[in-house]
$ cat start-v7.txt   # compact mmCIF, C-alpha atoms and all ligand atoms
# COMPACT_ATOMS: atom_id res chain seq x y z
CA ASN A 1102 34.70 -20.57 66.25
CA ASP A 1103 32.03 -21.50 63.73
CA ARG A 1104 30.91 -24.57 65.50
CA ASP A 1105 27.41 -26.00 65.08
CA ILE A 1106 25.62 -27.11 68.24
CA ILE A 1107 22.15 -28.63 68.30
CA VAL A 1108 19.98 -27.00 70.96
CA VAL A 1109 16.87 -29.08 71.53
CA GLY A 1110 14.29 -26.75 73.04
CA GLY A 1111 16.11 -23.68 71.74
CA ALA A 1112 12.80 -21.84 71.25
CA GLY A 1113 11.98 -22.02 74.96
CA TYR A 1114 12.74 -19.61 77.77
CA ILE A 1115 16.06 -21.07 78.88
CA GLY A 1116 16.90 -22.45 75.43
CA ALA A 1117 16.70 -19.04 73.74
CA HIS A 1118 19.09 -17.60 76.31
CA VAL A 1119 21.44 -20.55 75.74
CA CYS A 1120 21.37 -19.88 71.97
CA LYS A 1121 22.12 -16.19 72.48
CA THR A 1122 25.05 -16.96 74.78
CA LEU A 1123 26.45 -19.65 72.47
CA SER A 1124 26.39 -17.23 69.59
CA LYS A 1125 28.13 -14.61 71.73
CA TYR A 1126 30.91 -17.16 72.25
CA GLY A 1127 31.20 -17.82 68.51
CA ALA A 1128 29.21 -21.05 68.16
CA ASN A 1129 26.18 -21.60 65.88
CA PRO A 1130 23.10 -22.82 67.70
CA ILE A 1131 20.78 -24.99 65.63
CA THR A 1132 17.42 -25.11 67.34
CA PHE A 1133 15.37 -28.31 67.27
CA ASP A 1134 11.96 -27.58 68.74
CA ASN A 1135 8.38 -28.74 68.25
CA LEU A 1136 7.10 -25.26 69.20
CA SER A 1137 4.57 -26.81 71.57
CA SER A 1138 5.54 -24.26 74.19
CA GLY A 1139 8.53 -22.51 72.63
CA HIS A 1140 8.20 -19.51 70.32
CA ALA A 1141 9.56 -19.28 66.78
CA HIS A 1142 10.13 -15.55 67.41
CA ALA A 1143 12.64 -16.46 70.16
CA VAL A 1144 14.88 -18.28 67.65
CA LYS A 1145 17.15 -15.49 66.50
CA TRP A 1146 20.69 -16.80 66.57
CA GLY A 1147 20.55 -19.67 64.10
CA PRO A 1148 18.21 -21.91 62.13
CA LEU A 1149 15.07 -23.57 63.47
CA GLU A 1150 14.24 -27.19 62.65
CA THR A 1151 10.69 -27.96 63.70
CA VAL A 1152 10.89 -31.51 64.97
CA ASP A 1153 9.14 -33.50 67.67
CA LEU A 1154 11.35 -35.88 69.68
CA ARG A 1155 8.43 -38.26 70.20
CA ASP A 1156 8.71 -39.07 66.50
CA ALA A 1157 11.79 -41.32 66.33
CA GLY A 1158 11.95 -41.29 62.52
CA ALA A 1159 11.66 -37.53 62.22
CA THR A 1160 14.22 -37.06 64.98
CA GLU A 1161 16.72 -39.32 63.27
CA ALA A 1162 16.12 -37.61 59.92
CA ALA A 1163 16.75 -34.20 61.50
CA PHE A 1164 19.99 -35.47 63.02
CA GLN A 1165 21.07 -36.88 59.66
CA ARG A 1166 20.76 -33.36 58.22
CA TYR A 1167 23.30 -32.24 60.81
CA ALA A 1168 25.41 -35.37 60.95
CA HIS A 1169 28.60 -33.34 61.53
CA VAL A 1170 27.39 -32.03 64.89
CA GLU A 1171 29.15 -33.47 67.95
CA THR A 1172 27.40 -31.70 70.77
CA VAL A 1173 23.75 -31.57 71.74
CA ILE A 1174 22.22 -29.39 74.43
CA HIS A 1175 18.91 -30.90 75.49
CA LEU A 1176 16.46 -28.57 77.22
CA ALA A 1177 13.13 -29.61 75.71
CA SER A 1178 10.64 -31.02 78.16
CA SER A 1179 7.24 -30.81 79.76
CA ILE A 1180 7.81 -28.80 82.93
CA GLU A 1181 4.50 -28.01 84.55
CA VAL A 1182 4.58 -29.97 87.76
CA GLY A 1183 0.79 -30.05 88.30
CA ILE A 1184 0.08 -31.41 84.80
CA GLY A 1185 2.64 -34.15 85.38
CA GLU A 1186 0.55 -35.41 88.29
CA THR A 1187 -2.69 -35.54 86.31
CA HIS A 1188 -1.22 -36.52 82.91
CA PRO A 1189 1.83 -38.70 83.63
CA ALA A 1190 1.47 -40.55 80.32
CA GLU A 1191 2.15 -37.32 78.44
CA PHE A 1192 5.10 -36.52 80.68
CA TYR A 1193 6.76 -39.91 80.24
CA GLN A 1194 6.14 -39.86 76.52
CA ASN A 1195 7.39 -36.35 75.93
CA ASN A 1196 10.30 -36.35 78.38
CA VAL A 1197 11.49 -39.95 78.63
CA LEU A 1198 10.56 -41.39 75.24
CA GLY A 1199 11.64 -38.12 73.61
CA ALA A 1200 15.06 -38.29 75.29
CA MET A 1201 15.45 -41.93 74.29
CA ASN A 1202 14.74 -41.10 70.65
CA LEU A 1203 17.20 -38.24 70.92
CA LEU A 1204 19.99 -40.39 72.39
CA ASN A 1205 19.43 -43.05 69.75
CA ALA A 1206 19.56 -40.49 66.93
CA MET A 1207 22.80 -39.16 68.47
CA ARG A 1208 24.27 -42.66 68.39
CA LYS A 1209 23.43 -42.98 64.69
CA THR A 1210 25.29 -39.77 63.82
CA ASP A 1211 28.09 -40.22 66.34
CA ALA A 1212 27.17 -37.10 68.25
CA ALA A 1213 29.32 -37.89 71.26
CA GLN A 1214 28.43 -35.34 73.90
CA ILE A 1215 25.33 -33.99 75.58
CA ILE A 1216 24.54 -31.26 78.07
CA PHE A 1217 21.26 -32.13 79.73
CA SER A 1218 18.85 -29.86 81.62
CA SER A 1219 17.81 -31.52 84.82
CA THR A 1220 16.39 -30.07 87.98
CA CYS A 1221 16.68 -29.80 91.73
CA ALA A 1222 13.25 -31.49 91.68
CA THR A 1223 15.12 -34.80 91.22
CA TYR A 1224 16.20 -34.65 94.88
CA GLY A 1225 14.03 -35.97 97.64
CA GLU A 1226 12.50 -34.22 100.60
CA THR A 1227 15.41 -33.16 102.81
CA ASP A 1228 16.44 -30.55 105.31
CA ALA A 1229 20.06 -30.78 104.20
CA MET A 1230 20.39 -27.25 102.79
CA PRO A 1231 22.32 -26.13 100.87
CA LEU A 1232 21.78 -29.16 98.67
CA THR A 1233 24.82 -30.97 97.38
CA GLU A 1234 24.83 -33.35 94.43
CA ASN A 1235 25.31 -36.25 96.87
CA GLN A 1236 21.83 -35.96 98.30
CA PRO A 1237 19.62 -38.95 97.51
CA GLN A 1238 17.52 -38.50 94.40
CA ILE A 1239 14.00 -39.54 95.34
CA PRO A 1240 11.79 -37.11 93.41
CA LEU A 1241 8.30 -36.33 94.67
CA SER A 1242 6.78 -35.25 91.38
CA THR A 1243 6.25 -37.03 88.10
CA TYR A 1244 8.18 -34.16 86.53
CA GLY A 1245 11.19 -34.91 88.75
CA LYS A 1246 10.84 -38.63 88.10
CA THR A 1247 10.96 -38.18 84.34
CA LYS A 1248 14.07 -36.01 84.63
CA LEU A 1249 15.73 -38.58 86.89
CA ALA A 1250 14.86 -41.38 84.44
CA ILE A 1251 16.66 -39.42 81.72
CA GLU A 1252 19.66 -38.85 83.99
CA HIS A 1253 19.83 -42.62 84.47
CA MET A 1254 19.49 -43.28 80.75
CA ILE A 1255 22.33 -40.88 79.96
CA GLU A 1256 24.51 -42.50 82.62
CA SER A 1257 23.91 -45.95 81.09
CA TYR A 1258 24.73 -44.68 77.60
CA HIS A 1259 27.88 -43.14 79.02
CA LYS A 1260 29.02 -46.43 80.55
CA ALA A 1261 28.13 -48.64 77.60
CA TYR A 1262 28.61 -46.37 74.58
CA GLY A 1263 30.99 -43.71 75.81
CA LEU A 1264 28.51 -40.83 75.57
CA LYS A 1265 30.06 -37.84 77.35
CA TYR A 1266 27.71 -35.71 79.41
CA VAL A 1267 27.21 -32.87 81.77
CA THR A 1268 23.88 -32.86 83.59
CA LEU A 1269 22.91 -29.46 84.96
CA ARG A 1270 20.39 -29.52 87.78
CA TYR A 1271 18.89 -26.07 87.68
CA PHE A 1272 17.35 -24.40 90.70
CA ASN A 1273 14.78 -21.63 89.99
CA ALA A 1274 15.47 -20.10 86.59
CA ALA A 1275 14.36 -16.47 86.51
CA GLY A 1276 15.11 -13.07 84.99
CA ALA A 1277 15.55 -12.11 81.37
CA ASP A 1278 18.40 -11.16 79.11
CA GLU A 1279 19.82 -7.68 79.72
CA ALA A 1280 18.76 -6.39 76.32
CA GLY A 1281 15.14 -7.34 77.01
CA GLU A 1282 15.07 -9.33 73.75
CA ILE A 1283 13.88 -12.58 75.30
CA GLY A 1284 12.19 -13.49 78.55
CA GLU A 1285 9.83 -15.82 80.30
CA GLU A 1286 6.53 -16.30 78.46
CA HIS A 1287 4.98 -19.57 79.53
CA ASP A 1288 1.32 -20.26 78.86
CA PRO A 1289 -0.11 -20.94 81.34
CA GLU A 1290 2.39 -19.19 83.60
CA THR A 1291 2.92 -20.89 86.96
CA HIS A 1292 6.18 -19.28 88.13
CA LEU A 1293 6.27 -16.81 90.96
CA ILE A 1294 8.18 -13.88 89.45
CA PRO A 1295 6.33 -13.48 86.13
CA ILE A 1296 2.98 -14.01 87.88
CA ALA A 1297 3.83 -11.39 90.49
CA LEU A 1298 5.03 -8.87 87.89
CA ARG A 1299 1.85 -9.27 85.87
CA SER A 1300 -0.23 -8.94 89.01
CA ALA A 1301 1.58 -5.70 89.92
CA MET A 1302 0.94 -4.45 86.38
CA GLY A 1303 -2.78 -5.16 86.74
CA LEU A 1304 -2.66 -7.81 84.00
CA ARG A 1305 -3.94 -10.52 86.31
CA GLY A 1306 -5.71 -10.83 89.64
CA ARG A 1307 -4.34 -10.35 93.12
CA MET A 1308 -1.31 -12.34 94.02
CA LYS A 1309 -1.77 -15.51 96.07
CA ILE A 1310 1.09 -16.73 98.22
CA PHE A 1311 0.88 -20.48 98.63
CA GLY A 1312 1.67 -21.09 102.29
CA THR A 1313 2.56 -18.41 104.83
CA ASP A 1314 2.93 -20.79 107.79
CA TYR A 1315 6.12 -22.60 106.80
CA ASP A 1316 8.93 -23.00 109.27
CA THR A 1317 10.95 -20.18 107.69
CA PRO A 1318 11.76 -16.69 109.03
CA ASP A 1319 8.74 -15.01 107.36
CA GLY A 1320 6.60 -18.14 106.94
CA SER A 1321 6.82 -18.28 103.14
CA CYS A 1322 8.85 -20.76 101.04
CA ILE A 1323 12.49 -20.13 100.21
CA ARG A 1324 13.93 -20.71 96.75
CA ASP A 1325 17.26 -20.22 94.97
CA TYR A 1326 16.68 -17.94 91.96
CA ILE A 1327 19.34 -18.12 89.30
CA HIS A 1328 19.44 -15.71 86.39
CA VAL A 1329 18.67 -17.38 83.08
CA SER A 1330 21.75 -15.75 81.51
CA ASP A 1331 23.86 -17.38 84.24
CA ILE A 1332 22.24 -20.72 83.42
CA ALA A 1333 23.12 -20.09 79.77
CA LEU A 1334 26.71 -19.34 80.77
CA ALA A 1335 26.85 -22.64 82.69
CA HIS A 1336 26.18 -24.42 79.38
CA VAL A 1337 29.12 -22.70 77.74
CA LYS A 1338 31.35 -23.64 80.68
CA ALA A 1339 30.10 -27.23 80.48
CA LEU A 1340 30.88 -27.31 76.78
CA LEU A 1341 34.42 -26.04 77.33
CA ALA A 1342 34.93 -28.64 80.05
CA LEU A 1343 33.72 -31.47 77.78
CA ASP A 1344 36.07 -30.23 75.07
CA THR A 1345 39.00 -30.36 77.45
CA GLY A 1346 38.49 -33.86 78.78
CA LEU A 1347 35.56 -33.91 81.18
CA ALA A 1348 33.65 -37.16 80.55
CA ALA A 1349 30.69 -37.26 82.90
CA THR A 1350 29.34 -35.16 85.73
CA SER A 1351 26.15 -33.84 87.31
CA LEU A 1352 26.12 -30.34 88.77
CA ASN A 1353 23.79 -28.11 90.73
CA ILE A 1354 23.25 -24.76 89.07
CA GLY A 1355 22.12 -22.30 91.72
CA THR A 1356 23.45 -19.40 93.75
CA GLY A 1357 23.44 -20.83 97.25
CA ASN A 1358 21.23 -17.95 98.42
CA GLY A 1359 17.72 -18.57 99.54
CA VAL A 1360 15.10 -15.86 98.92
CA SER A 1361 11.60 -16.11 100.38
CA ASN A 1362 8.42 -15.62 98.38
CA LEU A 1363 7.60 -12.51 100.42
CA GLU A 1364 11.09 -11.10 99.79
CA VAL A 1365 10.44 -11.58 96.07
CA LEU A 1366 7.23 -9.54 96.37
CA GLN A 1367 8.99 -6.79 98.35
CA THR A 1368 11.77 -6.60 95.76
CA ILE A 1369 9.19 -6.33 92.98
CA GLU A 1370 7.48 -3.43 94.77
CA ARG A 1371 10.83 -1.68 95.20
CA VAL A 1372 12.00 -2.22 91.62
CA THR A 1373 8.73 -1.42 89.85
CA GLY A 1374 7.42 1.23 92.23
CA LEU A 1375 4.03 -0.53 91.98
CA PRO A 1376 2.10 -1.83 94.98
CA LEU A 1377 1.83 -5.60 95.08
CA PRO A 1378 -0.80 -6.71 97.58
CA TYR A 1379 -1.20 -10.44 98.14
CA ASP A 1380 -3.53 -12.91 99.76
CA PRO A 1381 -2.22 -15.79 101.85
CA ALA A 1382 -3.39 -19.06 100.26
CA PRO A 1383 -3.11 -22.73 101.25
CA ARG A 1384 0.18 -24.52 100.64
CA ARG A 1385 0.67 -25.88 97.11
CA GLY A 1386 1.01 -29.66 97.00
CA GLY A 1387 4.56 -30.93 96.63
CA ASP A 1388 6.28 -27.66 97.64
CA LEU A 1389 9.34 -27.99 99.85
CA SER A 1390 9.73 -25.23 102.44
CA ARG A 1391 13.30 -24.45 101.39
CA LEU A 1392 15.42 -25.29 98.45
CA TYR A 1393 18.83 -23.83 97.73
CA ALA A 1394 21.95 -25.13 96.10
CA ASP A 1395 25.47 -25.83 97.15
CA GLY A 1396 27.26 -24.55 94.05
CA ALA A 1397 30.77 -25.64 95.03
CA LYS A 1398 30.93 -28.59 92.65
CA ALA A 1399 29.94 -26.56 89.57
CA LYS A 1400 32.59 -24.02 90.50
CA ALA A 1401 35.24 -26.69 90.97
CA ILE A 1402 34.47 -28.83 87.92
CA ILE A 1403 33.48 -26.34 85.20
CA GLY A 1404 34.45 -23.02 86.79
CA PHE A 1405 30.88 -21.78 86.89
CA GLU A 1406 29.95 -18.92 89.17
CA PRO A 1407 26.78 -16.84 88.85
CA GLN A 1408 27.33 -13.23 87.74
CA HIS A 1409 23.83 -11.75 87.46
CA SER A 1410 21.84 -13.63 90.07
CA GLY A 1411 21.20 -11.11 92.82
CA ILE A 1412 17.42 -11.02 93.32
CA GLU A 1413 17.39 -7.28 92.47
CA THR A 1414 19.08 -7.89 89.08
CA ILE A 1415 16.79 -10.82 88.36
CA ILE A 1416 13.69 -8.76 89.03
CA LYS A 1417 14.99 -5.71 87.14
CA THR A 1418 15.68 -7.73 84.01
CA ALA A 1419 12.38 -9.63 84.25
CA TRP A 1420 10.58 -6.30 84.73
CA ASN A 1421 12.39 -4.79 81.76
CA PHE A 1422 11.02 -7.64 79.64
CA HIS A 1423 7.49 -7.74 81.08
CA LYS A 1424 6.78 -4.03 81.08
CA ARG A 1425 6.85 -4.11 77.29
CA GLU A 1426 3.51 -5.90 77.54
CA MET A 1427 2.05 -2.56 78.69
CA ASP A 1428 3.26 -0.71 75.56
N1 LIG B 1 4.14 -19.37 94.37
C1 LIG B 1 3.15 -18.61 94.98
N2 LIG B 1 2.17 -18.04 94.20
C2 LIG B 1 2.13 -18.22 92.85
C3 LIG B 1 3.16 -19.00 92.22
C4 LIG B 1 4.14 -19.56 93.02
O1 LIG B 1 3.14 -18.45 96.21
O2 LIG B 1 1.20 -17.69 92.20
C5 LIG B 1 5.21 -19.97 95.22
C6 LIG B 1 5.32 -21.48 95.14
O3 LIG B 1 4.38 -22.11 95.99
C7 LIG B 1 6.77 -21.68 95.58
C8 LIG B 1 7.48 -20.45 95.01
O4 LIG B 1 6.45 -19.49 94.76
O5 LIG B 1 6.83 -21.61 97.00
C9 LIG B 1 8.22 -20.74 93.72
O6 LIG B 1 7.33 -21.41 92.84
P1 LIG B 1 7.62 -21.57 91.29
O7 LIG B 1 6.43 -22.26 90.69
O8 LIG B 1 8.01 -20.25 90.71
O9 LIG B 1 8.91 -22.50 91.21
P2 LIG B 1 9.21 -23.95 91.85
O10 LIG B 1 10.01 -23.68 93.10
O11 LIG B 1 7.92 -24.63 92.11
O12 LIG B 1 10.03 -24.60 90.81
$ encode --input "start-v7.txt" --output "structure tokens"
Amino acid sequence: NDRDIIVVGGAGYIGAHVCKTLSKYGANPITFDNLSSGHAHAVKWGPLETVDLRDAGATEAAFQRYAHVETVIHLASSIEVGIGETHPAEFYQNNVLGAMNLLNAMRKTDAAQIIFSSTCATYGETDAMPLTENQPQIPLSTYGKTKLAIEHMIESYHKAYGLKYVTLRYFNAAGADEAGEIGEEHDPETHLIPIALRSAMGLRGRMKIFGTDYDTPDGSCIRDYIHVSDIALAHVKALLALDTGLAATSLNIGTGNGVSNLEVLQTIERVTGLPLPYDPAPRRGGDLSRLYADGAKAKAIIGFEPQHSGIETIIKTAWNFHKREMD
């Protein structure tokens, strides 16, 4: 429907999938990205404005160039949990100050609605699985704290200035688009599935599994993997809901199914036909033993249900993307 939408972080892994899905639904994604971890080659469905949210003046100027835009999707952030612990100043500056500059630029141009990428890492340590949105938010990591600070900022702007928002708390984003055009390429990579695929391909060392003595059926951690194209679809659903009167909500975006780290490795061996030996390693600091979503609220409020998030499909699409590295 020829509608311009600003996608901050549109050059990143999830952002590029969001842009592709928006364009499939007839909108025009305009990527704002500083390319610190995103890739210009992943911006294929609309223009790229290279802008850094930490620069308030540059951010406002970029918004003034698109002053007609009403809706912003904000996915840009520092995400590497370990770095957040050692370099919190960078995390607060990039995530929290960046979001503040963004919200203030939006106020100047009357951009009245935002879809914000948050995380299940904003919840505290709990055994209450599946996790509902009502669980207390007491994040363990600096990463989770910066995301929660932004959630609070958005809520305040909603109450005082009428900003409309949908906050999406993603569980474990994984997989790649069906066409293999875009996929996960973080540097350094810290996520289980891409690391394990590259290990199976012989492109990195033997796999380490962080913790095999957890109180879970096979002793390894359990996560809720959601296909990145499903996450992208959740943004479209959120947009439609905002357009039809939704004013403010926060939603878990997951599948409700927990998959263990060892099950991920077994699925990779099955899908790729490659052996994937691993070494048990000590637990990684800050890891919860299990984490999976209650998705009922997202289904009820924006009609979101995952379509591609079986672990087999996730691994097949991720493999389809990664095996091109061998060509
Ligand atoms: N993990 C692992 N080996 C690795 C990378 C990750 O055992 O090389 C584990 C990690 O400890 C966690 C799970 O895989 O239990 C998912 O980690 P990831 O970093 O992919 O996502 P997170 O759940 O931390 O957001």
$ closest_residue --input "start-v7.txt" --among "A:Glu1406, A:Glu1252, A:Glu1282, A:Ala1163" --to "His1142 in chain A" --atoms "only C-alpha atoms"
A:Glu1282
$ residues_around --input "start-v7.txt" --residues "Ile1184 in chain A" --least-positions-apart "3" --cutoff "12 Å" --atoms "all atoms listed in the file" --output "count of residues only"
15
$ residues_near_ligand --input "start-v7.txt" --ligand "ligand LIG 1 (chain B)" --cutoff "6 Å" --atoms "all atoms listed in the file" --output "list in words"
Asn1273, Thr1291, His1292, Leu1293, Ile1296, Lys1309, Ile1310, Phe1311, Cys1322, Asn1362 and Arg1385 of chain A
$ atom_distance --input "start-v7.txt" --atom1 "CA of Arg1307 in chain A" --atom2 "CA of Leu1241 in chain A"
28.9 Å
$ residues_around --input "start-v7.txt" --residues "Ser1351 in chain A" --least-positions-apart "6" --cutoff "6 Å" --atoms "all atoms listed in the file" --output "compact mmCIF listing (two decimals) with C-alpha atoms, in the coordinates of the input"
# COMPACT_ATOMS: atom_id res chain seq x y z
CA VAL A 1267 27.21 -32.87 81.77
CA THR A 1268 23.88 -32.86 83.59
CA LEU A 1269 22.91 -29.46 84.96
$ closest_residue --input "start-v7.txt" --among "A:His1140, A:Lys1260, A:Lys1125, A:His1328" --to "Glu1413 in chain A" --atoms "all atoms listed in the file"
A:His1328
$ residues_around --input "start-v7.txt" --residues "Lys1145 in chain A" --least-positions-apart "4" --cutoff "12 Å" --atoms "only C-alpha atoms" --output "VMD selection string"
chain A and resid 1111 to 1113 1116 to 1124 1129 to 1132 1140 to 1141 1149 1282 to 1283
$ residues_around --input "start-v7.txt" --residues "Arg1270 in chain A" --least-positions-apart "4" --cutoff "7 Å" --atoms "only C-alpha atoms" --output "list in words"
Ser1218, Ser1219, Thr1220, Cys1221, Leu1352, Asn1353 and Ile1354 of chain A
$ atom_distance --input "start-v7.txt" --atom1 "CA of Leu1298 in chain A" --atom2 "CA of His1423 in chain A"
7.3 Å
$ atom_distance --input "start-v7.txt" --atom1 "CA of Met1302 in chain A" --atom2 "CA of Leu1375 in chain A"
7.5 Å
$ closest_residue --input "start-v7.txt" --among "A:Ala1128, A:Ala1397, A:Val1365, A:Ile1174" --to "Met1308 in chain A" --atoms "only C-alpha atoms"
A:Val1365
$ residues_near_point --input "start-v7.txt" --point "(17.1, -6.3, 86.4)" --cutoff "10 Å" --atoms "all atoms listed in the file" --output "PDB file with C-alpha atoms, in the frame of the given file"
ATOM      1  CA  GLY A1276      15.110 -13.070  84.990  1.00  0.00           C
ATOM      2  CA  ALA A1277      15.550 -12.110  81.370  1.00  0.00           C
ATOM      3  CA  ASP A1278      18.400 -11.160  79.110  1.00  0.00           C
ATOM      4  CA  GLU A1279      19.820  -7.680  79.720  1.00  0.00           C
ATOM      5  CA  GLY A1281      15.140  -7.340  77.010  1.00  0.00           C
ATOM      6  CA  HIS A1328      19.440 -15.710  86.390  1.00  0.00           C
ATOM      7  CA  VAL A1372      12.000  -2.220  91.620  1.00  0.00           C
ATOM      8  CA  HIS A1409      23.830 -11.750  87.460  1.00  0.00           C
ATOM      9  CA  SER A1410      21.840 -13.630  90.070  1.00  0.00           C
ATOM     10  CA  GLY A1411      21.200 -11.110  92.820  1.00  0.00           C
ATOM     11  CA  ILE A1412      17.420 -11.020  93.320  1.00  0.00           C
ATOM     12  CA  GLU A1413      17.390  -7.280  92.470  1.00  0.00           C
ATOM     13  CA  THR A1414      19.080  -7.890  89.080  1.00  0.00           C
ATOM     14  CA  ILE A1415      16.790 -10.820  88.360  1.00  0.00           C
ATOM     15  CA  ILE A1416      13.690  -8.760  89.030  1.00  0.00           C
ATOM     16  CA  LYS A1417      14.990  -5.710  87.140  1.00  0.00           C
ATOM     17  CA  THR A1418      15.680  -7.730  84.010  1.00  0.00           C
ATOM     18  CA  ALA A1419      12.380  -9.630  84.250  1.00  0.00           C
ATOM     19  CA  TRP A1420      10.580  -6.300  84.730  1.00  0.00           C
ATOM     20  CA  ASN A1421      12.390  -4.790  81.760  1.00  0.00           C
ATOM     21  CA  PHE A1422      11.020  -7.640  79.640  1.00  0.00           C
TER      22      PHE A1422
END
$ closest_residue --input "start-v7.txt" --among "A:Asp1103, A:Asp1344, A:Asp1134, A:Glu1426" --to "Pro1148 in chain A" --atoms "only C-alpha atoms"
A:Asp1134
$ closest_residue --input "start-v7.txt" --among "A:Pro1383, A:Gly1245, A:Gly1284, A:Gly1355" --to "Gly1183 in chain A" --atoms "only C-alpha atoms"
A:Gly1245
$ residues_around --input "start-v7.txt" --residues "Asn1195 in chain A" --least-positions-apart "5" --cutoff "10 Å" --atoms "only C-alpha atoms" --output "list in words"
Asp1153, Leu1154, Arg1155, Asp1156, Ala1177, Ser1178, Ser1179, Pro1189, Ala1190, Ala1200, Met1201 and Thr1247 of chain A
$ closest_residue --input "start-v7.txt" --among "A:Gly1263, A:Glu1186, A:Ala1159, A:Gln1238" --to "Arg1208 in chain A" --atoms "all atoms listed in the file"
A:Gly1263
$ axis_aligned_box --input "start-v7.txt" --around "range 1114-1130 of chain A" --padding-each-side "8 Å" --output "JSON"
{"center_x": 22.0, "center_y": -18.7, "center_z": 72.4, "size_x": 34.5, "size_y": 24.2, "size_z": 29.0}
